[in-house]
Amino acid sequence: MPSPKLKQLVGCILVFAAAAFYYFSTVVIRRAAFHVSIDPAFFVFVRFFLGFVIVCASMLIKGRKLSPRRYDLLFGRAIANGAAVYCFYTAVAKTTLAQANILNMTYPIFVALLSWIFLKKQRDLITTIGALAAFAGIYLILARGPFQFGWAHMWGLASGLCASFAMIFLNLSRRYHDTETILFYLFGIGSILTYAAFSHAIHWPRPIELQFLMLSSGFAISGQYCITFGYRYVTAVEGGIISSSRILLAAMLGPIVAADPLLDLKGWVGAGLIFLVNVALAWRKSKSGDQCTQDNHSVPQRLQEKNTAVSTLQQPLRPSSEQLQVRIKNTRPDMLIKARKRRMR
């Protein structure tokens with residue numbers, strides 16, 4: 001069995017990989033705008049439909065069966081995620097790539113606030129402060145120049161709010177369902193709802209459209225798998241803060257892949273602040289994991305010692321089988337001697 005520290009490391013790596021895949025998915029959407037005109041809803045539908053096909057094929061190959069237990073969590077996850085993806089892709093189409101990713105990454109603060117309400121076990125003040133610090137870093141990045149919030153930017157904020165609900169539903173759903181069940185309902189329900197709401201924007205794509213649709217969906221689905229597996233070992237708040245590293249990708253790669261402006265000093269201070277929050281969170285989680293491991297080993301030992309002492313006091317002394325045989329052997333000669341003395345009398 002892997003150790004808790006190894007599981008923690010795997011979870012952090014997977015969540016970070018998901019952030020990178022999600023970012024490159026939006027890069028493809030931005031690049032596609034220079035060549036073809038594709039509605040954001042079309043990207044959303046292909047992402048969910050292709051993911052649904054991949055999940056079904058994987059389940060058939062592995063011989064897995066669906067094991068749904070909490071339909072409310074599965075449907076809640078699918079609906080919230082579908083709304084978040086549509087708002088996010090719309091923000092990518094209507095604003096810059098950096099702005100869309102930054103506004104989408106406001107969800108850690110929403111996760112922190114919602115976790116205080118719904119997840120009692122995760123009401124951690126220090127982690128919540130970390131989420132606030134990450135949000136402060138986002139603000140510093142946005143404060144690097146004239147940035148005015150308009151209706152177009154509301155799509156990015158709406159995607160962050162919906163994504164926070166999706167993350168909380170995912171964290172809760174992982175307690176009852178395996179990965180295949182979660183992704184099956186996520187992609188299946190997402191495909192149905194997207195087609196029902198935006199059927200006018202969905203058509204048989206041309207070869208060049210299909211190329212961009214498949215590439216963007218491939219990155220997004222890879223990110224979906226990574227974040228679903230990664231959330232086995234991290235909480236909703238911690239995963240949200242680690243995922244905020246996507247802002248650093250947007251800051252460093254934006255000018256190269258999307259022609260975004262370079263960050264000034266305030267922007268880099270905000271990016272550095274987010275990095276420090278991620279490092280502090282990982283360090284604190286590893287320390288708490290070590291302490292929990294020590295406690296888990298010491299408590300059963302103390303209980304065993306305590307139970308042994310109590311059982312020794314409570315149970316009467318019982319001779320073993322060897323002791324009984326010795327007593328029987330020693331008793332027979334004594335009985336014979338006493339019987340002889342009685343006869344002589």
# chains A, B, ... in the order shown; residues from 1 in each chain; ligands from 1
$ residues_around --residues "Ser245 of chain A" --least-positions-apart "5" --cutoff "8 Å" --atoms "only C-alpha atoms" --output "list of chain:residue names"
A:Phe16, A:Ala19, A:Ile274, A:Phe275
$ write_last_selection --atoms "C-alpha atoms" --output "JSON list (two decimals), in the first residue's frame"
[["chain", "number", "residue", "atom", "x", "y", "z"],
["A", 16, "PHE", "CA", -1.36, 20.49, -11.38],
["A", 19, "ALA", "CA", -4.47, 22.83, -14.68],
["A", 274, "ILE", "CA", 0.11, 32.11, -5.48],
["A", 275, "PHE", "CA", 3.22, 29.94, -5.71]]
$ residues_around --residues "Thr181 of chain A" --least-positions-apart "3" --cutoff "12 Å" --atoms "only C-alpha atoms" --output "PyMOL selection string"
chain A and resi 52+55-56+58-59+64-71+73-75+77-78+170+173-174+176-178+184-188+228
$ write_last_selection --atoms "C-alpha atoms" --output "mmCIF file, in the first residue's frame"
data_model
loop_
_atom_site.group_PDB
_atom_site.id
_atom_site.type_symbol
_atom_site.label_atom_id
_atom_site.label_comp_id
_atom_site.auth_asym_id
_atom_site.auth_seq_id
_atom_site.Cartn_x
_atom_site.Cartn_y
_atom_site.Cartn_z
ATOM 1 C CA PHE A 52 -18.470 9.879 -22.822
ATOM 2 C CA VAL A 55 -15.380 6.332 -20.625
ATOM 3 C CA CYS A 56 -17.774 3.776 -22.139
ATOM 4 C CA SER A 58 -12.761 2.012 -21.016
ATOM 5 C CA MET A 59 -15.501 0.411 -18.949
ATOM 6 C CA ARG A 64 -16.452 -2.437 -15.091
ATOM 7 C CA LYS A 65 -20.042 -1.794 -14.120
ATOM 8 C CA LEU A 66 -21.681 1.387 -12.946
ATOM 9 C CA SER A 67 -22.226 1.616 -9.204
ATOM 10 C CA PRO A 68 -24.204 4.819 -8.570
ATOM 11 C CA ARG A 69 -25.195 5.431 -4.954
ATOM 12 C CA ARG A 70 -25.869 9.145 -4.683
ATOM 13 C CA TYR A 71 -27.615 10.405 -7.801
ATOM 14 C CA LEU A 73 -24.152 14.243 -6.148
ATOM 15 C CA LEU A 74 -23.621 12.809 -9.641
ATOM 16 C CA PHE A 75 -26.224 15.081 -11.230
ATOM 17 C CA ARG A 77 -21.468 17.513 -10.343
ATOM 18 C CA ALA A 78 -22.489 17.130 -13.995
ATOM 19 C CA LEU A 170 -16.678 16.071 -6.871
ATOM 20 C CA SER A 173 -19.014 12.210 -4.763
ATOM 21 C CA ARG A 174 -15.585 10.589 -4.434
ATOM 22 C CA TYR A 176 -19.388 7.072 -2.716
ATOM 23 C CA HIS A 177 -18.350 6.469 -6.336
ATOM 24 C CA ASP A 178 -15.426 5.257 -8.377
ATOM 25 C CA PHE A 184 -19.813 8.457 -17.041
ATOM 26 C CA TYR A 185 -22.534 10.636 -15.572
ATOM 27 C CA LEU A 186 -20.465 13.811 -15.968
ATOM 28 C CA PHE A 187 -19.881 13.359 -19.700
ATOM 29 C CA GLY A 188 -23.228 11.726 -20.419
ATOM 30 C CA THR A 228 -10.886 13.343 -10.878
#
$ residues_around --residues "Ala93 of chain A" --least-positions-apart "5" --cutoff "9 Å" --atoms "only C-alpha atoms" --output "list of chain:residue names"
A:Ile29, A:Arg30, A:Ala33, A:Asp39, A:Pro40, A:Phe88, A:Ala100
$ write_last_selection --atoms "C-alpha atoms" --output "PDB file, in the first residue's frame"
ATOM      1  CA  ILE A  29      -9.861  27.547 -28.764  1.00  0.00           C
ATOM      2  CA  ARG A  30      -8.107  30.909 -29.111  1.00  0.00           C
ATOM      3  CA  ALA A  33     -10.636  31.764 -33.800  1.00  0.00           C
ATOM      4  CA  ASP A  39     -19.467  28.504 -31.246  1.00  0.00           C
ATOM      5  CA  PRO A  40     -18.226  27.850 -27.664  1.00  0.00           C
ATOM      6  CA  PHE A  88     -15.424  29.481 -19.312  1.00  0.00           C
ATOM      7  CA  ALA A 100     -10.581  34.193 -18.968  1.00  0.00           C
TER       8      ALA A 100
END
$ atom_distance --atom1 "atom CA of Gly218 of chain A" --atom2 "atom CA of Gly51 of chain A"
8.4 Å
$ atom_distance --atom1 "atom CA of Phe43 of chain A" --atom2 "atom CA of Trp204 of chain A"
12.6 Å
$ residues_around --residues "segment 150-159 of chain A" --least-positions-apart "6" --cutoff "12 Å" --atoms "only C-alpha atoms" --output "ChimeraX atom specification"
/A:80-110,142,165-167
$ closest_residue --among "A:Ile38, A:Val28, A:Cys12, A:Leu113" --to "Ile202 of chain A" --atoms "only C-alpha atoms"
A:Ile38
$ residues_around --residues "Leu193 of chain A" --least-positions-apart "4" --cutoff "9 Å" --atoms "only C-alpha atoms" --output "PyMOL selection string"
chain A and resi 45+79+82+188-189+197-198
$ decode --residues "segment 221-239 of chain A" --atoms "N, CA and C atoms" --output "JSON list (two decimals), in the first residue's frame"
[["chain", "number", "residue", "atom", "x", "y", "z"],
["A", 221, "ILE", "N", -10.29, 16.62, -21.73],
["A", 221, "ILE", "CA", -10.62, 15.32, -21.15],
["A", 221, "ILE", "C", -9.46, 14.78, -20.33],
["A", 222, "SER", "N", -8.24, 14.99, -20.81],
["A", 222, "SER", "CA", -7.07, 14.59, -20.01],
["A", 222, "SER", "C", -7.06, 15.32, -18.68],
["A", 223, "GLY", "N", -7.37, 16.61, -18.71],
["A", 223, "GLY", "CA", -7.46, 17.36, -17.47],
["A", 223, "GLY", "C", -8.57, 16.85, -16.56],
["A", 224, "GLN", "N", -9.69, 16.44, -17.16],
["A", 224, "GLN", "CA", -10.80, 15.91, -16.37],
["A", 224, "GLN", "C", -10.41, 14.63, -15.65],
["A", 225, "TYR", "N", -9.70, 13.75, -16.34],
["A", 225, "TYR", "CA", -9.25, 12.51, -15.71],
["A", 225, "TYR", "C", -8.25, 12.81, -14.59],
["A", 226, "CYS", "N", -7.32, 13.72, -14.86],
["A", 226, "CYS", "CA", -6.31, 14.04, -13.85],
["A", 226, "CYS", "C", -6.93, 14.62, -12.59],
["A", 227, "ILE", "N", -7.86, 15.53, -12.75],
["A", 227, "ILE", "CA", -8.44, 16.18, -11.57],
["A", 227, "ILE", "C", -9.37, 15.23, -10.83],
["A", 228, "THR", "N", -10.02, 14.31, -11.55],
["A", 228, "THR", "CA", -10.89, 13.34, -10.88],
["A", 228, "THR", "C", -10.06, 12.36, -10.06],
["A", 229, "PHE", "N", -8.95, 11.86, -10.61],
["A", 229, "PHE", "CA", -8.08, 10.98, -9.86],
["A", 229, "PHE", "C", -7.36, 11.74, -8.75],
["A", 230, "GLY", "N", -6.94, 12.98, -9.04],
["A", 230, "GLY", "CA", -6.19, 13.75, -8.05],
["A", 230, "GLY", "C", -6.99, 14.09, -6.82],
["A", 231, "TYR", "N", -8.30, 14.27, -6.98],
["A", 231, "TYR", "CA", -9.13, 14.63, -5.83],
["A", 231, "TYR", "C", -9.41, 13.44, -4.91],
["A", 232, "ARG", "N", -8.81, 12.29, -5.21],
["A", 232, "ARG", "CA", -8.86, 11.20, -4.23],
["A", 232, "ARG", "C", -8.05, 11.55, -2.98],
["A", 233, "TYR", "N", -7.01, 12.35, -3.16],
["A", 233, "TYR", "CA", -6.02, 12.55, -2.11],
["A", 233, "TYR", "C", -5.93, 14.00, -1.63],
["A", 234, "VAL", "N", -6.72, 14.92, -2.18],
["A", 234, "VAL", "CA", -6.70, 16.31, -1.73],
["A", 234, "VAL", "C", -8.14, 16.75, -1.47],
["A", 235, "THR", "N", -8.29, 17.72, -0.57],
["A", 235, "THR", "CA", -9.61, 18.25, -0.28],
["A", 235, "THR", "C", -10.00, 19.26, -1.33],
["A", 236, "ALA", "N", -11.25, 19.72, -1.27],
["A", 236, "ALA", "CA", -11.74, 20.67, -2.26],
["A", 236, "ALA", "C", -10.98, 21.99, -2.19],
["A", 237, "VAL", "N", -10.71, 22.47, -0.98],
["A", 237, "VAL", "CA", -9.99, 23.74, -0.83],
["A", 237, "VAL", "C", -8.55, 23.59, -1.30],
["A", 238, "GLU", "N", -7.89, 22.53, -0.90],
["A", 238, "GLU", "CA", -6.49, 22.32, -1.29],
["A", 238, "GLU", "C", -6.35, 22.14, -2.79],
["A", 239, "GLY", "N", -7.23, 21.36, -3.37],
["A", 239, "GLY", "CA", -7.19, 21.18, -4.82],
["A", 239, "GLY", "C", -7.44, 22.47, -5.57]]
